[in-house]
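Everything below belongs to protein14.txt, which stores compact mmCIF, C-alpha atoms.
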```txt
# COMPACT_ATOMS: atom_id res chain seq x y z
CA MET A 216 3.66 5.27 13.15
CA GLY A 217 4.95 7.74 15.67
CA ASN A 218 3.65 9.59 18.72
CA HIS A 219 0.05 10.72 18.42
CA VAL A 220 0.13 12.97 21.47
CA LYS A 221 1.55 15.96 19.65
CA LYS A 222 0.52 15.24 16.09
CA TYR A 223 -0.16 12.45 13.68
CA ASN A 224 2.43 11.26 11.17
CA SER A 225 3.45 13.88 8.63
CA GLY A 226 6.01 14.29 5.87
CA ILE A 227 6.48 12.16 2.78
CA SER A 228 8.73 9.36 3.95
CA SER A 229 9.38 6.73 1.30
CA PRO A 230 8.06 3.15 1.63
CA TRP A 231 9.94 1.88 -1.42
CA ARG A 232 12.75 0.16 0.47
CA ASP A 233 10.32 -1.90 2.51
CA PRO A 234 10.86 -5.59 1.55
CA GLY A 235 7.11 -6.17 1.60
CA VAL A 236 6.56 -3.43 -0.96
CA ARG A 237 9.22 -4.85 -3.26
CA GLU A 238 7.65 -8.30 -3.07
CA PHE A 239 4.20 -6.82 -3.65
CA VAL A 240 5.44 -5.13 -6.84
CA ARG A 241 7.05 -8.38 -7.99
CA ARG A 242 3.74 -10.22 -7.51
CA ALA A 243 1.86 -7.49 -9.38
CA LEU A 244 4.23 -7.77 -12.34
CA ASN A 245 3.93 -11.54 -12.38
CA GLU A 246 0.14 -11.32 -12.21
CA ASP A 247 0.01 -9.37 -15.47
CA ILE A 248 3.10 -10.54 -17.37
CA GLY A 249 3.22 -14.17 -16.32
CA SER A 250 5.26 -16.17 -18.82
CA GLY A 251 5.57 -13.18 -21.16
CA ASP A 252 3.75 -10.66 -23.35
CA VAL A 253 2.62 -12.85 -26.26
CA THR A 254 1.38 -9.87 -28.29
CA SER A 255 4.68 -7.97 -28.24
CA ARG A 256 6.60 -11.21 -28.74
CA TYR A 257 5.18 -11.56 -32.25
CA LEU A 258 4.63 -7.91 -33.23
CA VAL A 259 7.66 -6.06 -31.80
CA VAL A 260 11.23 -6.89 -32.85
CA PRO A 261 13.45 -7.96 -29.92
CA HIS A 262 15.93 -5.08 -29.90
CA CYS A 263 13.56 -2.20 -30.70
CA ARG A 264 14.19 0.84 -28.47
CA ILE A 265 11.59 3.50 -27.78
CA ARG A 266 10.85 6.50 -25.62
CA ALA A 267 7.45 6.57 -23.90
CA THR A 268 5.87 9.36 -21.87
CA ILE A 269 3.35 9.03 -19.03
CA LEU A 270 0.98 11.99 -19.19
CA ALA A 271 -1.69 13.45 -16.92
CA ARG A 272 -5.04 13.76 -18.70
CA HIS A 273 -6.39 16.14 -16.05
CA PRO A 274 -4.95 18.21 -13.18
CA CYS A 275 -3.76 15.98 -10.35
CA VAL A 276 -1.33 15.58 -7.47
CA VAL A 277 1.24 12.94 -8.35
CA ALA A 278 1.94 9.91 -6.16
CA GLY A 279 3.67 6.68 -7.05
CA VAL A 280 6.48 7.63 -9.44
CA GLU A 281 8.95 5.75 -7.27
CA ILE A 282 6.93 2.56 -7.65
CA VAL A 283 7.33 2.94 -11.42
CA ARG A 284 11.09 3.24 -10.96
CA LEU A 285 11.06 0.20 -8.68
CA ALA A 286 9.04 -1.84 -11.18
CA CYS A 287 11.49 -0.90 -13.95
CA ARG A 288 14.47 -1.96 -11.84
CA LEU A 289 12.84 -5.26 -10.91
CA PHE A 290 11.84 -6.12 -14.50
CA ASP A 291 14.58 -4.62 -16.70
CA ARG A 292 17.45 -2.71 -15.12
CA ARG A 293 18.49 -1.36 -18.52
CA LEU A 294 15.40 0.86 -18.71
CA ASN A 295 15.87 4.54 -18.01
CA CYS A 296 13.09 6.11 -15.96
CA ARG A 297 13.23 9.90 -15.74
CA VAL A 298 10.89 11.56 -13.27
CA VAL A 299 9.55 14.92 -14.43
CA ALA A 300 6.84 15.43 -11.79
CA PRO A 301 7.92 13.95 -8.43
CA ASP A 302 5.52 12.67 -5.79
CA GLY A 303 3.55 15.48 -4.16
CA LYS A 304 3.80 17.79 -7.18
CA HIS A 305 0.76 19.17 -9.00
CA ALA A 306 0.61 18.20 -12.68
CA GLY A 307 -1.68 19.95 -15.14
CA ALA A 308 -3.66 18.40 -17.98
CA GLY A 309 -1.30 17.21 -20.69
CA GLU A 310 1.82 17.57 -18.54
CA THR A 311 4.50 14.89 -18.43
CA ILE A 312 4.97 12.88 -15.23
CA LEU A 313 7.56 10.30 -16.33
CA VAL A 314 9.67 9.48 -19.39
CA LEU A 315 10.74 5.86 -20.02
CA THR A 316 13.50 4.99 -22.48
CA GLY A 317 14.67 1.50 -23.42
CA ASN A 318 13.56 -1.81 -24.85
CA ALA A 319 10.08 -1.59 -26.39
CA ARG A 320 9.01 -5.05 -25.27
CA SER A 321 9.95 -4.26 -21.67
CA ILE A 322 8.09 -0.95 -21.61
CA LEU A 323 4.96 -2.44 -23.16
CA ALA A 324 5.08 -5.34 -20.70
CA LEU A 325 5.28 -2.92 -17.76
CA GLU A 326 2.68 -0.45 -19.05
CA ARG A 327 -0.48 -1.73 -17.40
CA THR A 328 1.01 -2.55 -14.01
CA ILE A 329 2.83 0.74 -13.57
CA LEU A 330 -0.21 2.72 -14.72
CA ASN A 331 -2.46 0.79 -12.32
CA PHE A 332 -0.23 1.71 -9.39
CA LEU A 333 0.31 5.30 -10.52
CA GLN A 334 -3.37 5.97 -11.28
CA ARG A 335 -4.52 4.55 -7.94
CA LEU A 336 -2.02 6.43 -5.80
CA THR A 337 -2.30 9.68 -7.74
CA GLY A 338 -6.08 9.49 -7.39
CA ILE A 339 -5.74 9.24 -3.60
CA ALA A 340 -3.23 12.10 -3.44
CA SER A 341 -5.43 14.29 -5.63
CA LEU A 342 -8.56 13.73 -3.53
CA THR A 343 -6.62 14.31 -0.32
CA ALA A 344 -5.33 17.59 -1.73
CA GLN A 345 -8.90 18.75 -2.31
CA TYR A 346 -9.83 18.09 1.30
CA ALA A 347 -6.63 19.69 2.60
CA ALA A 348 -7.25 22.82 0.53
CA ALA A 349 -10.83 23.07 1.81
CA VAL A 350 -9.72 23.36 5.46
CA ARG A 351 -6.38 25.11 5.07
CA ARG A 352 -7.64 28.40 6.50
CA TYR A 353 -8.60 26.62 9.74
CA GLY A 354 -5.30 24.75 10.19
CA THR A 355 -7.19 21.46 10.52
CA ILE A 356 -5.33 18.18 10.01
CA ILE A 357 -6.74 15.82 7.37
CA LEU A 358 -6.38 12.17 8.44
CA ASP A 359 -6.87 8.89 6.65
CA THR A 360 -8.33 5.69 8.17
CA ARG A 361 -7.79 1.93 7.97
CA LYS A 362 -10.32 1.70 5.12
CA THR A 363 -7.62 0.75 2.64
CA THR A 364 -7.16 -1.88 -0.06
CA PRO A 365 -5.81 -5.08 1.56
CA ASN A 366 -2.01 -5.27 1.26
CA MET A 367 -1.83 -1.72 -0.15
CA ARG A 368 -2.13 0.21 3.11
CA LEU A 369 1.50 1.35 3.23
CA LEU A 370 1.27 2.67 -0.34
CA GLU A 371 -2.16 4.26 0.02
CA LYS A 372 -1.24 6.02 3.25
CA TYR A 373 1.90 7.26 1.53
CA ALA A 374 -0.31 8.73 -1.21
CA VAL A 375 -2.37 10.54 1.45
CA ARG A 376 0.82 12.21 2.68
CA CYS A 377 1.67 13.20 -0.90
CA GLY A 378 -1.68 14.99 -1.05
CA GLY A 379 -1.08 16.99 2.12
CA GLY A 380 -2.86 14.73 4.61
CA GLN A 381 -1.47 12.87 7.60
CA ASN A 382 -1.76 9.26 8.68
CA HIS A 383 -3.97 7.97 11.46
CA ARG A 384 -2.80 4.70 13.04
CA MET A 385 -1.24 2.25 10.61
CA GLY A 386 -3.00 -0.73 12.16
CA LEU A 387 -4.46 -2.16 15.35
CA TYR A 388 -1.00 -2.47 16.89
CA ASP A 389 0.24 1.11 17.17
CA MET A 390 -2.54 2.97 18.97
CA VAL A 391 -5.39 2.28 21.39
CA LEU A 392 -8.65 3.43 19.82
CA MET A 393 -11.82 2.60 21.75
CA LYS A 394 -14.84 2.56 19.46
CA ASP A 395 -18.53 1.76 19.92
CA ASN A 396 -18.08 -2.03 19.87
CA HIS A 397 -15.37 -1.76 22.51
CA ARG A 398 -17.73 0.31 24.67
CA PHE A 399 -20.44 -2.32 24.20
CA LEU A 400 -18.14 -5.14 25.28
CA TRP A 401 -16.35 -3.23 28.06
CA GLN A 402 -17.41 -4.76 31.37
CA LYS A 403 -17.92 -1.33 32.91
CA LYS A 404 -19.95 0.08 30.02
CA HIS A 405 -20.74 3.35 31.74
CA SER A 406 -17.16 4.29 32.60
CA LEU A 407 -15.03 5.42 29.66
CA SER A 408 -12.64 7.09 32.08
CA GLU A 409 -11.92 3.75 33.73
CA ALA A 410 -11.38 2.19 30.28
CA VAL A 411 -8.82 4.90 29.50
CA ARG A 412 -7.01 4.31 32.79
CA VAL A 413 -6.88 0.54 32.23
CA ALA A 414 -5.66 0.99 28.63
CA ARG A 415 -2.89 3.34 29.76
CA GLU A 416 -1.81 0.98 32.52
CA LYS A 417 -1.65 -2.00 30.14
CA ASN A 418 -0.08 -0.07 27.23
CA PRO A 419 2.45 2.41 28.63
CA GLY A 420 3.77 4.82 26.04
CA VAL A 421 1.01 4.06 23.52
CA SER A 422 -1.33 6.88 22.53
CA ILE A 423 -4.97 6.48 23.52
CA GLU A 424 -8.03 7.73 21.68
CA VAL A 425 -11.69 7.33 22.64
CA GLU A 426 -14.69 7.58 20.33
CA VAL A 427 -17.67 9.43 21.84
CA GLU A 428 -21.16 10.16 20.56
CA SER A 429 -22.47 12.58 23.18
CA MET A 430 -21.41 15.37 25.52
CA ALA A 431 -21.84 13.03 28.50
CA GLN A 432 -19.42 10.51 27.01
CA LEU A 433 -16.97 13.33 26.24
CA GLU A 434 -17.04 14.51 29.86
CA ASP A 435 -16.51 10.97 31.13
CA ALA A 436 -13.59 10.21 28.80
CA LEU A 437 -11.96 13.61 29.27
CA SER A 438 -11.70 13.10 33.04
CA ALA A 439 -9.04 10.43 32.39
CA SER A 440 -7.04 12.64 29.99
CA PRO A 441 -6.79 10.51 26.82
CA ASP A 442 -4.49 11.80 24.09
CA TRP A 443 -7.31 12.16 21.56
CA ILE A 444 -11.10 12.05 21.57
CA MET A 445 -12.98 11.20 18.40
CA LEU A 446 -16.33 12.99 17.90
CA ASP A 447 -18.29 10.41 15.94
CA ASN A 448 -21.11 11.46 13.59
CA MET A 449 -21.89 14.61 15.55
CA PRO A 450 -23.62 17.62 14.01
CA PRO A 451 -21.37 20.70 13.80
CA ALA A 452 -23.28 22.52 16.55
CA LEU A 453 -22.56 19.73 19.04
CA MET A 454 -18.94 19.51 17.90
CA LYS A 455 -18.54 23.21 18.62
CA LYS A 456 -19.87 22.71 22.17
CA CYS A 457 -17.42 19.83 22.65
CA VAL A 458 -14.52 22.00 21.49
CA LYS A 459 -15.52 24.75 23.93
CA PHE A 460 -15.96 22.30 26.81
CA CYS A 461 -12.64 20.59 26.09
CA ALA A 462 -10.83 23.95 26.07
CA GLY A 463 -7.59 22.48 24.73
CA ARG A 464 -7.26 19.77 27.41
CA CYS A 465 -7.36 17.05 24.74
CA ARG A 466 -7.08 17.03 20.97
CA LEU A 467 -10.33 16.38 19.11
CA GLU A 468 -10.90 14.45 15.90
CA ALA A 469 -14.14 14.62 13.91
CA SER A 470 -15.23 11.50 12.05
CA GLY A 471 -18.22 10.08 10.21
CA GLY A 472 -20.28 11.33 7.27
CA ILE A 473 -17.71 13.89 6.16
CA CYS A 474 -17.47 14.99 2.52
CA LEU A 475 -16.24 17.97 0.53
CA GLU A 476 -19.64 19.60 0.81
CA ASN A 477 -19.66 19.78 4.62
CA ILE A 478 -16.02 19.68 5.66
CA ARG A 479 -15.63 23.46 5.98
CA LYS A 480 -18.46 23.63 8.51
CA ILE A 481 -16.83 20.87 10.52
CA ALA A 482 -13.39 22.49 10.41
CA ALA A 483 -14.94 25.78 11.54
CA THR A 484 -16.01 24.13 14.82
CA GLY A 485 -12.39 24.17 15.93
CA VAL A 486 -11.62 20.44 15.95
CA ASP A 487 -7.93 19.60 15.57
CA ALA A 488 -8.32 16.90 12.94
CA ILE A 489 -10.86 15.35 10.57
CA SER A 490 -10.59 11.71 9.49
CA ILE A 491 -12.05 10.66 6.14
CA GLY A 492 -12.34 7.06 4.96
CA ALA A 493 -13.18 8.22 1.44
CA LEU A 494 -9.56 9.30 0.89
CA THR A 495 -8.64 5.67 0.32
CA HIS A 496 -11.86 3.71 -0.16
CA SER A 497 -13.54 6.02 -2.70
CA ALA A 498 -10.82 8.00 -4.47
CA PRO A 499 -11.29 7.82 -8.26
CA ALA A 500 -8.27 6.67 -10.22
CA ALA A 501 -6.38 9.45 -11.95
CA ASP A 502 -6.66 9.54 -15.74
CA LEU A 503 -3.11 8.91 -16.95
CA SER A 504 -1.78 7.44 -20.17
CA LEU A 505 1.46 6.06 -21.58
CA GLU A 506 2.26 7.31 -25.10
CA VAL A 507 5.11 6.06 -27.31
CA ASP A 508 7.00 9.10 -28.65
CA TYR A 509 9.35 7.31 -31.05
```
Here is the file; what I need is its structure written in the form of structure tokens.
Amino acid sequence: MGNHVKKYNSGISSPWRDPGVREFVRRALNEDIGSGDVTSRYLVVPHCRIRATILARHPCVVAGVEIVRLACRLFDRRLNCRVVAPDGKHAGAGETILVLTGNARSILALERTILNFLQRLTGIASLTAQYAAAVRRYGTIILDTRKTTPNMRLLEKYAVRCGGGQNHRMGLYDMVLMKDNHRFLWQKKHSLSEAVRVAREKNPGVSIEVEVESMAQLEDALSASPDWIMLDNMPPALMKKCVKFCAGRCRLEASGGICLENIRKIAATGVDAISIGALTHSAPAADLSLEVDY
């Protein structure tokens, strides 16, 4: 996912060429379409052509239009998919996101699957944008977590980037992150600094982050100079003390119990980043619809 020492992953790089994503989309299409759309088979003539528009029912930040294009290519290459609102763009209520033109049976067969993807990813991007806007004045980074839908992590983390957030580690393999259970099982439970030194020795070049719950743990971990320290479920007053004590020697991430109602207070403490599991595990699906124009 990149080097965490300077910053977390940013930018809206596309996951659509990933072979795993293509196969995932194929499986999603097969799940819904199976042997064919029996309703359209008997009610829609074979060569009927239509134009259909995907609309936003409420203001949102778009994410996932490329997965619609990919689904169209995989199912019926003759379909034309015109993007009006690209990923990362704000769309107002009633505004057009995509226009599909081509065989009616194909478009109706794709409808549910492409809307499911688009609504899910746009919902994540829209919620992320709310959090990013709330802390913009402080310059705080909004991070996601690993609390993602199984097999959709690459797509959901992409949606976070569309909404103005950045990605925390992609998985267990690209960053050392010592949490409470690791502390419990660490043979030298009272020495986070030694744990950091051992982790760095065994994983050269890999960024190291340590979760702490008290000022004493912060002091211990900081003595070994990890790349990041996570302040877990701390009240803002204690976070502020940690920021002052750290004095820029290590980047600090706040985590735990964070919502739109309290995020400004947490950002005001001076932490570098705030991670929020709700971006992916609790984002409501965007309200989108596909309407046949003619």
Worksheet entry | Atomic separation - atom CA of Thr364 of chain A relative to atom CA of Asp291 of chain A, Å |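 The value is 27.5 Å.
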Could you work out an axis-aligned box for segment 503-508 of chain A, taking every atom the file lists and adding 6 Å on each side, and report centre and edge lengths in Å to one decimal, as AutoDock Vina command-line options?
```
--center_x 1.9 --center_y 7.6 --center_z -22.8 --size_x 22.1 --size_y 15.0 --size_z 23.7
```
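Using all atoms listed in the file, the shortest contact distance between Trp231 of chain A and any of A:Lys417, A:Arg376, A:Ile282, A:Ala271 is found at A:Ile282.
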Discussion item. Applying 9 Å and only C-alpha atoms, which residues near Ser429 of chain A remain after dropping the ones on its own chain fewer than 4 positions away? List them as a PyMOL selection string.
Written reply: chain A and resi 433-434+446-447+449+453+457
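With only C-alpha atoms as the atoms that count, the residue of A:Ser422, A:Thr343, A:Ser406, A:Ser470 with the shortest distance to Pro499 of chain A is A:Thr343.
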Between segment 275-383 of chain A and segment 232-254 of chain A, at 10 Å or less, what are the per-residue closest atom pairs and their distances in Å? Count all atoms listed in the file, order by chain and rising residue number, and return it as CSV.
```
residue,atom,partner,partner_atom,distance
A:Ile282,CA,A:Val240,CA,7.9
A:Val283,CA,A:Val240,CA,9.5
A:Leu285,CA,A:Arg237,CA,7.6
A:Ala286,CA,A:Val240,CA,6.5
A:Leu289,CA,A:Arg241,CA,7.2
A:Phe290,CA,A:Leu244,CA,8.1
A:Arg320,CA,A:Asp252,CA,7.9
A:Ser321,CA,A:Asp252,CA,9.1
A:Leu323,CA,A:Asp252,CA,8.3
A:Ala324,CA,A:Asp252,CA,6.1
A:Leu325,CA,A:Leu244,CA,7.3
A:Glu326,CA,A:Asp247,CA,10.0
A:Arg327,CA,A:Asp247,CA,7.9
A:Thr328,CA,A:Leu244,CA,6.4
A:Ile329,CA,A:Leu244,CA,8.7
A:Asn331,CA,A:Ala243,CA,9.8
A:Phe332,CA,A:Val240,CA,9.2
A:Asn366,CA,A:Phe239,CA,8.1
A:Met367,CA,A:Val236,CA,8.6
A:Leu369,CA,A:Val236,CA,8.1
A:Leu370,CA,A:Val236,CA,8.1
```
Can those selected residues be exported to a file as a compact mmCIF listing (two decimals), in the coordinates of the input so that it contains C-alpha atoms?
```
# COMPACT_ATOMS: atom_id res chain seq x y z
CA ILE A 282 6.93 2.56 -7.65
CA VAL A 283 7.33 2.94 -11.42
CA LEU A 285 11.06 0.20 -8.68
CA ALA A 286 9.04 -1.84 -11.18
CA LEU A 289 12.84 -5.26 -10.91
CA PHE A 290 11.84 -6.12 -14.50
CA ARG A 320 9.01 -5.05 -25.27
CA SER A 321 9.95 -4.26 -21.67
CA LEU A 323 4.96 -2.44 -23.16
CA ALA A 324 5.08 -5.34 -20.70
CA LEU A 325 5.28 -2.92 -17.76
CA GLU A 326 2.68 -0.45 -19.05
CA ARG A 327 -0.48 -1.73 -17.40
CA THR A 328 1.01 -2.55 -14.01
CA ILE A 329 2.83 0.74 -13.57
CA ASN A 331 -2.46 0.79 -12.32
CA PHE A 332 -0.23 1.71 -9.39
CA ASN A 366 -2.01 -5.27 1.26
CA MET A 367 -1.83 -1.72 -0.15
CA LEU A 369 1.50 1.35 3.23
CA LEU A 370 1.27 2.67 -0.34
```
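Across the model, the gap from atom CA of Ala278 of chain A to atom CA of Arg361 of chain A is 18.9 Å.
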Response to the item:
If you count only C-alpha atoms, the residue of A:Ala436, A:Ile269, A:Ala410, A:Met430 closest to Ile322 of chain A turns out to be A:Ile269
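Between atom CA of Val427 of chain A and atom CA of Glu468 of chain A the separation is 10.3 Å.
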Reconstruct N, CA and C atoms of segment 368-400 of chain A; output as a PDB file, in the frame of the given file.
```pdb
ATOM      1  N   ARG A 368      -1.999  -0.868   2.121  1.00  0.00           N
ATOM      2  CA  ARG A 368      -2.130   0.210   3.110  1.00  0.00           C
ATOM      3  C   ARG A 368      -0.904   1.118   3.149  1.00  0.00           C
ATOM      4  N   LEU A 369       0.282   0.541   3.165  1.00  0.00           N
ATOM      5  CA  LEU A 369       1.500   1.350   3.230  1.00  0.00           C
ATOM      6  C   LEU A 369       1.576   2.311   2.051  1.00  0.00           C
ATOM      7  N   LEU A 370       1.221   1.834   0.865  1.00  0.00           N
ATOM      8  CA  LEU A 370       1.270   2.670  -0.340  1.00  0.00           C
ATOM      9  C   LEU A 370       0.167   3.719  -0.334  1.00  0.00           C
ATOM     10  N   GLU A 371      -1.040   3.319   0.047  1.00  0.00           N
ATOM     11  CA  GLU A 371      -2.160   4.260   0.020  1.00  0.00           C
ATOM     12  C   GLU A 371      -2.004   5.352   1.075  1.00  0.00           C
ATOM     13  N   LYS A 372      -1.478   4.988   2.239  1.00  0.00           N
ATOM     14  CA  LYS A 372      -1.240   6.020   3.250  1.00  0.00           C
ATOM     15  C   LYS A 372      -0.093   6.947   2.842  1.00  0.00           C
ATOM     16  N   TYR A 373       0.854   6.410   2.104  1.00  0.00           N
ATOM     17  CA  TYR A 373       1.900   7.260   1.530  1.00  0.00           C
ATOM     18  C   TYR A 373       1.281   8.278   0.571  1.00  0.00           C
ATOM     19  N   ALA A 374       0.341   7.834  -0.253  1.00  0.00           N
ATOM     20  CA  ALA A 374      -0.310   8.730  -1.210  1.00  0.00           C
ATOM     21  C   ALA A 374      -1.079   9.833  -0.486  1.00  0.00           C
ATOM     22  N   VAL A 375      -1.682   9.516   0.650  1.00  0.00           N
ATOM     23  CA  VAL A 375      -2.370  10.540   1.450  1.00  0.00           C
ATOM     24  C   VAL A 375      -1.380  11.622   1.866  1.00  0.00           C
ATOM     25  N   ARG A 376      -0.190  11.224   2.297  1.00  0.00           N
ATOM     26  CA  ARG A 376       0.820  12.210   2.680  1.00  0.00           C
ATOM     27  C   ARG A 376       1.246  13.064   1.491  1.00  0.00           C
ATOM     28  N   CYS A 377       1.323  12.434   0.314  1.00  0.00           N
ATOM     29  CA  CYS A 377       1.670  13.200  -0.900  1.00  0.00           C
ATOM     30  C   CYS A 377       0.641  14.294  -1.168  1.00  0.00           C
ATOM     31  N   GLY A 378      -0.611  14.028  -0.811  1.00  0.00           N
ATOM     32  CA  GLY A 378      -1.680  14.990  -1.050  1.00  0.00           C
ATOM     33  C   GLY A 378      -1.847  16.034   0.033  1.00  0.00           C
ATOM     34  N   GLY A 379      -1.016  15.969   1.068  1.00  0.00           N
ATOM     35  CA  GLY A 379      -1.080  16.990   2.120  1.00  0.00           C
ATOM     36  C   GLY A 379      -1.827  16.532   3.357  1.00  0.00           C
ATOM     37  N   GLY A 380      -2.218  15.256   3.417  1.00  0.00           N
ATOM     38  CA  GLY A 380      -2.860  14.730   4.610  1.00  0.00           C
ATOM     39  C   GLY A 380      -1.828  14.103   5.533  1.00  0.00           C
ATOM     40  N   GLN A 381      -2.318  13.593   6.663  1.00  0.00           N
ATOM     41  CA  GLN A 381      -1.470  12.870   7.600  1.00  0.00           C
ATOM     42  C   GLN A 381      -2.095  11.515   7.875  1.00  0.00           C
ATOM     43  N   ASN A 382      -1.293  10.621   8.433  1.00  0.00           N
ATOM     44  CA  ASN A 382      -1.760   9.260   8.680  1.00  0.00           C
ATOM     45  C   ASN A 382      -2.285   9.076  10.084  1.00  0.00           C
ATOM     46  N   HIS A 383      -3.460   8.459  10.186  1.00  0.00           N
ATOM     47  CA  HIS A 383      -3.970   7.970  11.460  1.00  0.00           C
ATOM     48  C   HIS A 383      -3.166   6.709  11.759  1.00  0.00           C
ATOM     49  N   ARG A 384      -3.568   5.904  12.708  1.00  0.00           N
ATOM     50  CA  ARG A 384      -2.800   4.700  13.040  1.00  0.00           C
ATOM     51  C   ARG A 384      -2.639   3.807  11.803  1.00  0.00           C
ATOM     52  N   MET A 385      -1.500   3.131  11.733  1.00  0.00           N
ATOM     53  CA  MET A 385      -1.240   2.250  10.610  1.00  0.00           C
ATOM     54  C   MET A 385      -2.033   0.952  10.722  1.00  0.00           C
ATOM     55  N   GLY A 386      -2.246   0.499  11.938  1.00  0.00           N
ATOM     56  CA  GLY A 386      -3.000  -0.730  12.160  1.00  0.00           C
ATOM     57  C   GLY A 386      -3.473  -0.808  13.592  1.00  0.00           C
ATOM     58  N   LEU A 387      -3.934  -1.959  13.999  1.00  0.00           N
ATOM     59  CA  LEU A 387      -4.460  -2.160  15.350  1.00  0.00           C
ATOM     60  C   LEU A 387      -3.363  -2.169  16.403  1.00  0.00           C
ATOM     61  N   TYR A 388      -2.114  -2.228  15.985  1.00  0.00           N
ATOM     62  CA  TYR A 388      -1.000  -2.470  16.890  1.00  0.00           C
ATOM     63  C   TYR A 388      -0.319  -1.226  17.402  1.00  0.00           C
ATOM     64  N   ASP A 389      -0.581  -0.047  16.821  1.00  0.00           N
ATOM     65  CA  ASP A 389       0.240   1.110  17.170  1.00  0.00           C
ATOM     66  C   ASP A 389      -0.526   2.228  17.870  1.00  0.00           C
ATOM     67  N   MET A 390      -1.772   1.960  18.264  1.00  0.00           N
ATOM     68  CA  MET A 390      -2.540   2.970  18.970  1.00  0.00           C
ATOM     69  C   MET A 390      -3.771   2.318  19.583  1.00  0.00           C
ATOM     70  N   VAL A 391      -4.133   2.732  20.789  1.00  0.00           N
ATOM     71  CA  VAL A 391      -5.390   2.280  21.390  1.00  0.00           C
ATOM     72  C   VAL A 391      -6.490   3.205  20.915  1.00  0.00           C
ATOM     73  N   LEU A 392      -7.499   2.651  20.274  1.00  0.00           N
ATOM     74  CA  LEU A 392      -8.650   3.430  19.820  1.00  0.00           C
ATOM     75  C   LEU A 392      -9.927   2.689  20.222  1.00  0.00           C
ATOM     76  N   MET A 393     -10.600   3.209  21.244  1.00  0.00           N
ATOM     77  CA  MET A 393     -11.820   2.600  21.750  1.00  0.00           C
ATOM     78  C   MET A 393     -13.017   3.111  20.967  1.00  0.00           C
ATOM     79  N   LYS A 394     -13.685   2.192  20.273  1.00  0.00           N
ATOM     80  CA  LYS A 394     -14.840   2.560  19.460  1.00  0.00           C
ATOM     81  C   LYS A 394     -16.115   1.994  20.068  1.00  0.00           C
ATOM     82  N   ASP A 395     -17.240   2.128  19.342  1.00  0.00           N
ATOM     83  CA  ASP A 395     -18.530   1.760  19.920  1.00  0.00           C
ATOM     84  C   ASP A 395     -18.602   0.295  20.317  1.00  0.00           C
ATOM     85  N   ASN A 396     -18.043  -0.606  19.517  1.00  0.00           N
ATOM     86  CA  ASN A 396     -18.080  -2.030  19.870  1.00  0.00           C
ATOM     87  C   ASN A 396     -17.243  -2.329  21.106  1.00  0.00           C
ATOM     88  N   HIS A 397     -16.149  -1.598  21.287  1.00  0.00           N
ATOM     89  CA  HIS A 397     -15.370  -1.760  22.510  1.00  0.00           C
ATOM     90  C   HIS A 397     -16.180  -1.292  23.714  1.00  0.00           C
ATOM     91  N   ARG A 398     -16.886  -0.175  23.560  1.00  0.00           N
ATOM     92  CA  ARG A 398     -17.730   0.310  24.670  1.00  0.00           C
ATOM     93  C   ARG A 398     -18.800  -0.722  25.012  1.00  0.00           C
ATOM     94  N   PHE A 399     -19.380  -1.333  23.986  1.00  0.00           N
ATOM     95  CA  PHE A 399     -20.440  -2.320  24.200  1.00  0.00           C
ATOM     96  C   PHE A 399     -19.915  -3.539  24.979  1.00  0.00           C
ATOM     97  N   LEU A 400     -18.698  -3.939  24.667  1.00  0.00           N
ATOM     98  CA  LEU A 400     -18.140  -5.140  25.280  1.00  0.00           C
ATOM     99  C   LEU A 400     -17.380  -4.862  26.577  1.00  0.00           C
TER     100      LEU A 400
END
```
